[in-house]
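Participant: For reference, this is final-v9.tsv, and it has TSV, C-alpha atoms.
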chain	number	residue	atom	x	y	z
A	10	MET	CA	-9.48	-7.79	-35.63
A	11	THR	CA	-11.92	-5.67	-33.63
A	12	THR	CA	-10.48	-2.65	-31.84
A	13	VAL	CA	-12.06	-1.74	-28.50
A	14	LYS	CA	-12.18	2.04	-28.06
A	15	GLU	CA	-11.14	3.36	-24.66
A	16	THR	CA	-13.83	5.45	-22.98
A	17	ILE	CA	-12.32	8.31	-20.96
A	18	ILE	CA	-14.41	10.53	-18.70
A	19	SER	CA	-13.23	13.63	-16.85
A	20	ILE	CA	-15.00	14.82	-13.68
A	21	ASP	CA	-14.34	18.17	-12.00
A	22	ALA	CA	-14.50	17.53	-8.24
A	23	SER	CA	-14.08	21.16	-7.18
A	24	GLY	CA	-16.64	21.92	-4.46
A	25	VAL	CA	-18.45	18.60	-4.94
A	26	HIS	CA	-19.54	16.77	-1.76
A	27	TYR	CA	-17.95	13.36	-1.42
A	28	ARG	CA	-21.29	11.54	-1.69
A	29	ASP	CA	-22.13	13.30	-4.94
A	30	LEU	CA	-18.63	12.74	-6.29
A	31	ASN	CA	-18.80	9.02	-5.57
A	32	SER	CA	-22.24	8.83	-7.16
A	33	LYS	CA	-20.82	10.37	-10.34
A	34	LEU	CA	-17.93	7.94	-10.22
A	35	ARG	CA	-20.23	4.94	-9.90
A	36	GLU	CA	-22.42	6.19	-12.73
A	37	ALA	CA	-19.36	6.52	-14.98
A	38	VAL	CA	-18.25	2.97	-14.15
A	39	SER	CA	-21.75	1.60	-14.72
A	40	GLY	CA	-21.80	3.44	-18.06
A	41	GLY	CA	-18.76	1.53	-19.25
A	42	ALA	CA	-15.98	4.06	-18.71
A	43	SER	CA	-12.55	2.46	-18.96
A	44	LYS	CA	-10.67	5.48	-17.58
A	45	ILE	CA	-11.88	8.27	-15.31
A	46	GLU	CA	-9.98	11.44	-14.49
A	47	LEU	CA	-10.95	13.20	-11.26
A	48	ARG	CA	-9.63	16.75	-11.21
A	49	ASN	CA	-9.51	19.33	-8.40
A	50	VAL	CA	-9.95	16.73	-5.68
A	51	HIS	CA	-9.74	18.36	-2.25
A	52	GLY	CA	-10.15	15.80	0.53
A	53	GLN	CA	-13.28	13.98	-0.64
A	54	ARG	CA	-13.51	10.67	1.22
A	55	TYR	CA	-14.20	7.10	0.12
A	56	ILE	CA	-13.24	7.59	-3.53
A	57	GLY	CA	-13.33	4.20	-5.23
A	58	THR	CA	-14.90	2.44	-2.26
A	59	ASP	CA	-16.24	-1.01	-3.22
A	60	LEU	CA	-15.70	-0.39	-6.94
A	61	ARG	CA	-15.25	-3.49	-9.09
A	62	GLY	CA	-13.81	-4.20	-12.50
A	63	PRO	CA	-10.84	-3.06	-14.59
A	64	VAL	CA	-11.50	0.69	-14.66
A	65	ALA	CA	-8.52	3.06	-14.23
A	66	ILE	CA	-9.05	6.14	-12.06
A	67	GLU	CA	-6.57	9.02	-12.09
A	68	ILE	CA	-6.86	11.56	-9.28
A	69	PHE	CA	-5.40	15.06	-9.51
A	70	GLY	CA	-5.31	16.55	-6.03
A	71	THR	CA	-5.50	15.07	-2.53
A	72	PRO	CA	-8.17	12.42	-1.88
A	73	GLY	CA	-9.55	12.05	1.64
A	74	ASN	CA	-9.62	9.09	4.00
A	75	ASP	CA	-10.36	5.52	2.92
A	76	LEU	CA	-9.39	5.89	-0.71
A	77	GLY	CA	-10.11	2.59	-2.46
A	78	ALA	CA	-11.63	0.94	0.63
A	79	PHE	CA	-13.05	-2.53	-0.10
A	80	MET	CA	-11.97	-2.06	-3.71
A	81	ASN	CA	-12.07	-5.12	-5.94
A	82	GLY	CA	-10.19	-4.61	-9.20
A	83	PRO	CA	-9.73	-0.99	-10.32
A	84	ARG	CA	-6.42	0.83	-10.52
A	85	ILE	CA	-6.26	4.20	-8.78
A	86	THR	CA	-3.39	6.59	-9.50
A	87	VAL	CA	-3.01	9.64	-7.24
A	88	ARG	CA	-1.03	12.58	-8.64
A	89	GLY	CA	-0.33	13.91	-5.19
A	90	ASN	CA	-0.61	12.75	-1.57
A	91	ALA	CA	-3.15	10.41	0.00
A	92	GLN	CA	-4.67	10.77	3.45
A	93	ASP	CA	-5.37	8.07	6.06
A	94	GLY	CA	-6.63	4.57	5.36
A	95	CYS	CA	-5.96	4.25	1.64
A	96	GLY	CA	-6.61	0.66	0.59
A	97	ASN	CA	-8.60	-0.10	3.74
A	98	THR	CA	-9.68	-3.76	3.44
A	99	MET	CA	-9.11	-3.73	-0.31
A	100	ASN	CA	-9.60	-7.08	-1.98
A	101	ALA	CA	-7.99	-6.63	-5.40
A	102	GLY	CA	-6.67	-3.90	-7.67
A	103	GLU	CA	-3.93	-1.33	-7.32
A	104	ILE	CA	-3.34	2.05	-5.70
A	105	VAL	CA	-0.35	4.12	-6.87
A	106	VAL	CA	0.42	7.28	-4.87
A	107	HIS	CA	2.87	9.79	-6.37
A	108	GLY	CA	3.54	11.39	-3.01
A	109	HIS	CA	3.08	10.62	0.68
A	110	ALA	CA	0.33	8.62	2.40
A	111	GLY	CA	-1.10	9.11	5.88
A	112	ASP	CA	-1.75	6.62	8.66
A	113	THR	CA	-3.04	3.03	8.35
A	114	ALA	CA	-2.41	2.58	4.62
A	115	GLY	CA	-3.42	-0.95	3.70
A	116	LEU	CA	-5.40	-1.46	6.91
A	117	SER	CA	-6.68	-5.07	6.87
A	118	ALA	CA	-5.95	-5.38	3.14
A	119	ARG	CA	-6.91	-8.81	1.82
A	120	GLY	CA	-5.37	-8.49	-1.66
A	121	GLY	CA	-4.18	-6.04	-4.28
A	122	ARG	CA	-1.09	-3.84	-4.33
A	123	ILE	CA	-0.28	-0.38	-2.99
A	124	PHE	CA	2.75	1.59	-4.21
A	125	ILE	CA	3.66	4.81	-2.38
A	126	ARG	CA	6.50	6.93	-3.73
A	127	GLU	CA	7.38	8.79	-0.52
A	128	ASP	CA	6.80	8.29	3.24
A	129	VAL	CA	3.85	6.87	5.17
A	130	GLY	CA	2.39	7.62	8.59
A	131	TYR	CA	1.63	5.39	11.57
A	132	ARG	CA	0.41	1.79	11.51
A	133	THR	CA	0.86	1.17	7.80
A	134	GLY	CA	-0.04	-2.41	6.94
A	135	ILE	CA	-1.82	-3.00	10.23
A	136	HIS	CA	-3.56	-6.38	10.17
A	137	MET	CA	-2.84	-7.15	6.53
A	138	LYS	CA	-3.96	-10.69	5.84
A	139	GLU	CA	-3.89	-13.29	3.08
A	140	TYR	CA	-5.97	-16.26	2.02
A	141	LYS	CA	-4.96	-18.84	-0.59
A	142	GLU	CA	-4.00	-16.91	-3.74
A	143	LYS	CA	-4.90	-13.55	-2.21
A	144	LYS	CA	-1.77	-11.79	-0.94
A	145	PRO	CA	-1.67	-8.00	-0.47
A	146	VAL	CA	1.52	-6.07	-1.19
A	147	ILE	CA	2.60	-2.61	0.00
A	148	VAL	CA	5.78	-0.96	-1.32
A	149	ILE	CA	6.90	2.27	0.33
A	150	GLY	CA	9.64	4.34	-1.25
A	151	GLY	CA	10.51	6.41	1.80
A	152	THR	CA	10.24	5.59	5.47
A	153	ALA	CA	7.45	5.03	8.00
A	154	GLN	CA	6.25	6.12	11.42
A	155	ASP	CA	5.74	3.78	14.39
A	156	PHE	CA	3.91	0.43	14.41
A	157	LEU	CA	4.68	-0.49	10.81
A	158	GLY	CA	3.12	-3.91	10.11
A	159	GLU	CA	1.36	-4.05	13.48
A	160	TYR	CA	-0.62	-7.30	13.94
A	161	MET	CA	0.35	-8.23	10.39
A	162	ALA	CA	-1.21	-11.58	9.48
A	163	GLY	CA	-0.16	-11.98	5.85
A	164	GLY	CA	1.09	-10.33	2.71
A	165	VAL	CA	4.30	-8.53	1.77
A	166	LEU	CA	5.44	-5.14	3.02
A	167	ILE	CA	8.58	-3.50	1.54
A	168	LEU	CA	10.19	-0.35	2.96
A	169	LEU	CA	12.87	1.16	0.70
A	170	GLY	CA	14.10	4.12	2.78
A	171	LEU	CA	15.04	6.14	-0.29
A	172	GLY	CA	15.00	9.45	1.58
A	173	LEU	CA	17.49	8.33	4.22
A	174	THR	CA	21.12	9.37	4.09
A	175	GLU	CA	23.88	6.76	4.06
A	176	GLY	CA	23.99	5.03	7.45
A	177	GLN	CA	20.86	6.77	8.77
A	178	ASN	CA	18.39	4.60	10.68
A	179	HIS	CA	14.69	4.39	10.05
A	180	LYS	CA	12.96	6.12	12.98
A	181	ALA	CA	9.91	3.88	13.34
A	182	LYS	CA	9.54	1.99	16.60
A	183	TYR	CA	7.43	-1.07	17.50
A	184	ILE	CA	7.81	-2.45	13.97
A	185	GLY	CA	5.85	-5.67	13.61
A	186	THR	CA	4.30	-5.56	17.08
A	187	GLY	CA	1.89	-8.50	17.24
A	188	MET	CA	3.01	-9.76	13.83
A	189	HIS	CA	1.86	-13.34	13.23
A	190	GLY	CA	1.97	-13.77	9.45
A	191	GLY	CA	3.39	-12.35	6.24
A	192	VAL	CA	6.83	-10.87	5.70
A	193	MET	CA	8.53	-7.46	5.69
A	194	TYR	CA	11.64	-6.44	3.80
A	195	ILE	CA	13.45	-3.31	4.91
A	196	ARG	CA	16.24	-1.54	3.06
A	197	GLY	CA	18.28	0.61	5.41
A	198	ASN	CA	19.28	0.43	9.04
A	199	ILE	CA	17.13	-0.37	12.04
A	200	ALA	CA	18.13	-1.28	15.58
A	201	GLU	CA	16.75	-4.29	17.41
A	202	TYR	CA	15.00	-2.10	20.00
A	203	GLN	CA	12.82	-0.70	17.20
A	204	LEU	CA	11.21	-4.09	16.59
A	205	GLY	CA	8.30	-5.74	18.34
A	206	LYS	CA	9.28	-8.75	20.41
A	207	GLU	CA	7.26	-11.00	18.08
A	208	VAL	CA	9.57	-10.30	15.12
A	209	GLY	CA	12.56	-12.32	13.93
A	210	ILE	CA	15.33	-11.01	11.65
A	211	ALA	CA	16.97	-12.89	8.77
A	212	GLU	CA	18.90	-12.27	5.58
A	213	PRO	CA	16.75	-12.52	2.43
A	214	GLU	CA	17.41	-15.73	0.51
A	215	GLY	CA	16.53	-17.04	-2.97
A	216	THR	CA	12.73	-16.75	-2.91
A	217	ASP	CA	12.94	-13.51	-0.96
A	218	ARG	CA	15.20	-12.03	-3.61
A	219	GLU	CA	12.71	-12.98	-6.32
A	220	VAL	CA	9.90	-11.27	-4.43
A	221	LEU	CA	12.01	-8.15	-3.89
A	222	ARG	CA	13.06	-7.99	-7.53
A	223	LYS	CA	9.47	-8.29	-8.74
A	224	TYR	CA	8.02	-5.52	-6.59
A	225	VAL	CA	11.00	-3.16	-6.60
A	226	THR	CA	10.95	-3.36	-10.40
A	227	GLU	CA	7.23	-2.50	-10.38
A	228	TYR	CA	7.89	0.40	-8.02
A	229	CYS	CA	10.57	1.80	-10.34
A	230	GLY	CA	8.23	1.32	-13.29
A	231	TYR	CA	5.80	3.74	-11.68
A	232	PHE	CA	8.16	6.25	-10.12
A	233	GLY	CA	11.48	5.89	-11.91
A	234	GLY	CA	14.85	4.67	-10.69
A	235	ASP	CA	17.05	1.68	-11.37
A	236	PRO	CA	15.81	-1.45	-9.58
A	237	GLU	CA	19.21	-3.13	-9.90
A	238	LYS	CA	20.91	-0.31	-8.00
A	239	LEU	CA	18.26	-0.43	-5.28
A	240	LEU	CA	18.67	-4.17	-4.93
A	241	GLU	CA	22.44	-3.83	-4.51
A	242	HIS	CA	21.86	-2.45	-1.02
A	243	ARG	CA	21.35	-4.70	1.97
A	244	PHE	CA	17.82	-5.66	2.91
A	245	ILE	CA	16.72	-7.38	6.08
A	246	LYS	CA	13.80	-9.76	6.32
A	247	LEU	CA	11.38	-9.53	9.22
A	248	TYR	CA	9.19	-12.53	9.95
A	249	PRO	CA	6.82	-13.59	12.75
A	250	ARG	CA	8.41	-15.75	15.41
A	251	TRP	CA	5.07	-17.21	16.51
A	252	LEU	CA	1.77	-17.96	14.82
A	253	ARG	CA	-0.30	-16.79	17.80
A	254	PRO	CA	1.84	-14.40	19.84
A	255	TYR	CA	-1.01	-13.51	22.21
A	256	GLY	CA	-2.76	-16.88	22.28
A	257	ARG	CA	-1.75	-17.54	25.88
A	258	LEU	CA	-3.70	-14.47	26.98
A	259	TYR	CA	-6.96	-16.08	25.87
A	260	ALA	CA	-6.27	-19.73	26.66
A	261	TYR	CA	-7.70	-21.34	29.79
Do you think you could lay out the structure here as structure tokens?
Facilitator:
Amino acid sequence: MTTVKETIISIDASGVHYRDLNSKLREAVSGGASKIELRNVHGQRYIGTDLRGPVAIEIFGTPGNDLGAFMNGPRITVRGNAQDGCGNTMNAGEIVVHGHAGDTAGLSARGGRIFIREDVGYRTGIHMKEYKEKKPVIVIGGTAQDFLGEYMAGGVLILLGLGLTEGQNHKAKYIGTGMHGGVMYIRGNIAEYQLGKEVGIAEPEGTDREVLRKYVTEYCGYFGGDPEKLLEHRFIKLYPRWLRPYGRLYAY
């Protein structure tokens, strides 16, 4: 049996302009690197944009906006927080954030998975979409700001609310405004006034429970915790009530 040796490259990003850093990253991928460690990252943007293939990228520090945008296959692990737009229009692959993420995580994602240990900002999952076998997934360990899942057109979004105290409500408002596809699962309390008028509420059933078990187990695999204990708590399912909630605005 032939053993394939893993090629690991370490890049010091301290003081490196984002264009130069991304050039080094692309050169490493083109050179056959299977794992790349980026150290001393301080806000450089577009890391991993449009990268393809099975390479694993581990980031030590705080990457800037649009981490993994248009990404098609790699796995990015962030040992810290992520800024706005991580996973913007990503097509495949995985982003794992061991901290918080900013606004618009998963913006227009077409595939792949994003796991965020802590909280997220505004408009997470905005305009997620799916096509045939492509179905993006976002799992958030904490809570979210307003407009979660806005204009959501496909995929799966799970909000675990792990930082909330017993009986405490999520604070996000306008959840699912304009939602016309996909599904959200929320663990914890929300009031009806916090939801967009396009959203329906239901109890998760058989298939829903399978989906929750799969992705909550993956979340715990990255960040720790007992998935069975998390799944003991009540979840609600949010779904779109209409396919084209604003269609009448454009119809003659």
Participant: Give me the residues within 7 Å of Asp75 of chain A as a list of chain:residue names, counting all atoms listed in the file and dropping any in the same chain fewer than 5 places off.
Facilitator: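 What passes the distance filter is A:Arg54, A:Tyr55, A:Asp93, A:Gly94, A:Cys95, A:Gly96, A:Asn97.
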Participant: Which residue gives the smallest distance to Val50 of chain A among A:Ser23, A:Ala37, A:Val64, A:Val148, with only C-alpha atoms counted?
Facilitator: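 Going through A:Ser23, A:Ala37, A:Val64, A:Val148 one by one, the smallest distance to Val50 of chain A is for A:Ser23.
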Participant: The residues within 8 Å of (-1.4, 11.8, 3.1), using all atoms listed in the file and the coordinates of the file, should be reported as a VMD selection string; which are they?
Facilitator: chain A and resid 71 90 to 93 108 to 112 129 to 130
Participant: So which residues touch segment 165-174 of chain A within 10 Å, counting only C-alpha atoms, skipping near sequence neighbours fewer than 2 positions away, as a ChimeraX atom specification?
Facilitator: /A:115,122-129,133-134,137-139,144-153,157-158,161-163,176-179,190-198,220-221,224-225,239-240,242,244,246-247
Participant: Just the residues within 10 Å of Gly121 of chain A, please, counting only C-alpha atoms, with nothing from its chain fewer than 6 positions along; format it as a PyMOL selection string.
Facilitator: chain A and resi 80-84+96+98-104+115+143-147+164
Participant: Keeping only C-alpha atoms, take the residues you just selected and write them out as a short mmCIF file (atom, residue, chain, number, x, y, z; two decimals), in the frame of the given file.
Facilitator:
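After the write, out-v4.cif holds the following:
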data_model
loop_
_atom_site.label_atom_id
_atom_site.label_comp_id
_atom_site.auth_asym_id
_atom_site.auth_seq_id
_atom_site.Cartn_x
_atom_site.Cartn_y
_atom_site.Cartn_z
CA MET A 80 -11.97 -2.06 -3.71
CA ASN A 81 -12.07 -5.12 -5.94
CA GLY A 82 -10.19 -4.61 -9.20
CA PRO A 83 -9.73 -0.99 -10.32
CA ARG A 84 -6.42 0.83 -10.52
CA GLY A 96 -6.61 0.66 0.59
CA THR A 98 -9.68 -3.76 3.44
CA MET A 99 -9.11 -3.73 -0.31
CA ASN A 100 -9.60 -7.08 -1.98
CA ALA A 101 -7.99 -6.63 -5.40
CA GLY A 102 -6.67 -3.90 -7.67
CA GLU A 103 -3.93 -1.33 -7.32
CA ILE A 104 -3.34 2.05 -5.70
CA GLY A 115 -3.42 -0.95 3.70
CA LYS A 143 -4.90 -13.55 -2.21
CA LYS A 144 -1.77 -11.79 -0.94
CA PRO A 145 -1.67 -8.00 -0.47
CA VAL A 146 1.52 -6.07 -1.19
CA ILE A 147 2.60 -2.61 0.00
CA GLY A 164 1.09 -10.33 2.71
#
Participant: What is the distance between atom CA of Glu46 of chain A and atom CA of Arg28 of chain A, in Å to one decimal?
Facilitator: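 Atom CA of Arg28 of chain A lies at a distance of 17.1 Å from atom CA of Glu46 of chain A.
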Participant: From the list A:Glu212, A:Glu15, A:Glu67, A:Glu219, which residue is nearest Ile245 of chain A when using only C-alpha atoms?
Facilitator: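 So, comparing all the options, the nearest one is A:Glu212.
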Participant: Please compute the atom CA of Ile56 of chain A-atom CA of Thr16 of chain A distance, one decimal, in Å.
Facilitator: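 Result for atom CA of Ile56 of chain A versus atom CA of Thr16 of chain A: 19.6 Å, one decimal.
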Participant: May I have the centre and edge lengths, in Å to one decimal, of an axis-aligned box around the listed atoms of segment 174-188 of chain A with 6 Å added to every side, as JSON?
Facilitator:
{"center_x": 12.9, "center_y": -0.2, "center_z": 10.8, "size_x": 34.1, "size_y": 31.1, "size_z": 25.4}
Participant: Using all atoms listed in the file, which protein or nucleic acid residues come within 12 Å of Val38 of chain A? Drop anything in the same chain fewer than 6 positions from it, and give the result as a list in words.
Facilitator: Thr16, Ile17, Ile18, Asn31, Ser32, Lys44, Ile45, Glu46, Gly57, Asp59, Leu60, Arg61, Gly62, Pro63, Val64, Ala65, Ile66 and Pro83 of chain A
Participant: Would you compute the distance between atom CA of Ala181 of chain A and atom CA of Val106 of chain A? Give it in Å to one decimal.
Facilitator: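 Going from atom CA of Ala181 of chain A over to atom CA of Val106 of chain A, I get 20.8 Å.
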Participant: Using all atoms listed in the file for the distances, tell me which of A:Ile184, A:Cys229, A:Leu76, A:Leu252 is nearest to Phe156 of chain A.
Facilitator: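 That would be A:Ile184, the residue with the smallest distance to Phe156 of chain A.
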Participant: When you look at Ala22 of chain A with a cut-off of 7 Å (counting only C-alpha atoms), what residues show up, excluding the ones that are within fewer than 3 positions of it in the same chain? I need them as a list in words.
Facilitator: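 Surrounding residues, per the criterion: Val25, Leu30, Leu47, Arg48, Asn49 and Val50 of chain A.
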Participant: Restricting it to C-alpha atoms, dump the selection as a PDB file, keeping the file's coordinate frame.
Facilitator:
ATOM      1  CA  VAL A  25     -18.450  18.600  -4.940  1.00  0.00           C
ATOM      2  CA  LEU A  30     -18.630  12.740  -6.290  1.00  0.00           C
ATOM      3  CA  LEU A  47     -10.950  13.200 -11.260  1.00  0.00           C
ATOM      4  CA  ARG A  48      -9.630  16.750 -11.210  1.00  0.00           C
ATOM      5  CA  ASN A  49      -9.510  19.330  -8.400  1.00  0.00           C
ATOM      6  CA  VAL A  50      -9.950  16.730  -5.680  1.00  0.00           C
TER       7      VAL A  50
END
Participant: Reconstruct N, CA and C atoms of segment 181-200 of chain A; output as a PDB file, in the frame of the given file.
Facilitator:
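Result went into part_25.pdb, see below:
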ATOM      1  N   ALA A 181      11.097   4.567  12.824  1.00  0.00           N
ATOM      2  CA  ALA A 181       9.910   3.880  13.340  1.00  0.00           C
ATOM      3  C   ALA A 181      10.274   2.947  14.491  1.00  0.00           C
ATOM      4  N   LYS A 182       9.400   2.921  15.480  1.00  0.00           N
ATOM      5  CA  LYS A 182       9.540   1.990  16.600  1.00  0.00           C
ATOM      6  C   LYS A 182       8.351   1.039  16.600  1.00  0.00           C
ATOM      7  N   TYR A 183       8.495  -0.062  17.360  1.00  0.00           N
ATOM      8  CA  TYR A 183       7.430  -1.070  17.500  1.00  0.00           C
ATOM      9  C   TYR A 183       7.067  -1.695  16.165  1.00  0.00           C
ATOM     10  N   ILE A 184       8.047  -1.840  15.282  1.00  0.00           N
ATOM     11  CA  ILE A 184       7.810  -2.450  13.970  1.00  0.00           C
ATOM     12  C   ILE A 184       7.411  -3.916  14.162  1.00  0.00           C
ATOM     13  N   GLY A 185       6.290  -4.288  13.547  1.00  0.00           N
ATOM     14  CA  GLY A 185       5.850  -5.670  13.610  1.00  0.00           C
ATOM     15  C   GLY A 185       5.285  -6.105  14.949  1.00  0.00           C
ATOM     16  N   THR A 186       4.901  -5.178  15.799  1.00  0.00           N
ATOM     17  CA  THR A 186       4.300  -5.560  17.080  1.00  0.00           C
ATOM     18  C   THR A 186       3.052  -6.419  16.848  1.00  0.00           C
ATOM     19  N   GLY A 187       3.024  -7.591  17.423  1.00  0.00           N
ATOM     20  CA  GLY A 187       1.890  -8.500  17.240  1.00  0.00           C
ATOM     21  C   GLY A 187       1.894  -9.233  15.920  1.00  0.00           C
ATOM     22  N   MET A 188       2.948  -9.123  15.146  1.00  0.00           N
ATOM     23  CA  MET A 188       3.010  -9.760  13.830  1.00  0.00           C
ATOM     24  C   MET A 188       2.886 -11.283  13.971  1.00  0.00           C
ATOM     25  N   HIS A 189       2.015 -11.889  13.169  1.00  0.00           N
ATOM     26  CA  HIS A 189       1.860 -13.340  13.230  1.00  0.00           C
ATOM     27  C   HIS A 189       1.680 -13.979  11.855  1.00  0.00           C
ATOM     28  N   GLY A 190       2.018 -13.241  10.802  1.00  0.00           N
ATOM     29  CA  GLY A 190       1.970 -13.770   9.450  1.00  0.00           C
ATOM     30  C   GLY A 190       2.587 -12.781   8.475  1.00  0.00           C
ATOM     31  N   GLY A 191       2.831 -13.232   7.240  1.00  0.00           N
ATOM     32  CA  GLY A 191       3.390 -12.350   6.240  1.00  0.00           C
ATOM     33  C   GLY A 191       4.884 -12.123   6.415  1.00  0.00           C
ATOM     34  N   VAL A 192       5.392 -11.154   5.661  1.00  0.00           N
ATOM     35  CA  VAL A 192       6.830 -10.870   5.700  1.00  0.00           C
ATOM     36  C   VAL A 192       7.071  -9.401   5.379  1.00  0.00           C
ATOM     37  N   MET A 193       8.093  -8.825   5.994  1.00  0.00           N
ATOM     38  CA  MET A 193       8.530  -7.460   5.690  1.00  0.00           C
ATOM     39  C   MET A 193       9.968  -7.488   5.218  1.00  0.00           C
ATOM     40  N   TYR A 194      10.277  -6.627   4.256  1.00  0.00           N
ATOM     41  CA  TYR A 194      11.640  -6.440   3.800  1.00  0.00           C
ATOM     42  C   TYR A 194      11.994  -4.965   3.956  1.00  0.00           C
ATOM     43  N   ILE A 195      13.078  -4.691   4.631  1.00  0.00           N
ATOM     44  CA  ILE A 195      13.450  -3.310   4.910  1.00  0.00           C
ATOM     45  C   ILE A 195      14.852  -3.036   4.387  1.00  0.00           C
ATOM     46  N   ARG A 196      14.961  -2.012   3.569  1.00  0.00           N
ATOM     47  CA  ARG A 196      16.240  -1.540   3.060  1.00  0.00           C
ATOM     48  C   ARG A 196      16.669  -0.345   3.916  1.00  0.00           C
ATOM     49  N   GLY A 197      17.837  -0.436   4.497  1.00  0.00           N
ATOM     50  CA  GLY A 197      18.280   0.610   5.410  1.00  0.00           C
ATOM     51  C   GLY A 197      18.480   0.040   6.799  1.00  0.00           C
ATOM     52  N   ASN A 198      18.878   0.885   7.705  1.00  0.00           N
ATOM     53  CA  ASN A 198      19.280   0.430   9.040  1.00  0.00           C
ATOM     54  C   ASN A 198      18.152   0.571  10.047  1.00  0.00           C
ATOM     55  N   ILE A 199      17.991  -0.455  10.865  1.00  0.00           N
ATOM     56  CA  ILE A 199      17.130  -0.370  12.040  1.00  0.00           C
ATOM     57  C   ILE A 199      17.849  -1.069  13.188  1.00  0.00           C
ATOM     58  N   ALA A 200      17.549  -0.646  14.398  1.00  0.00           N
ATOM     59  CA  ALA A 200      18.130  -1.280  15.580  1.00  0.00           C
ATOM     60  C   ALA A 200      17.121  -2.281  16.151  1.00  0.00           C
TER      61      ALA A 200
END
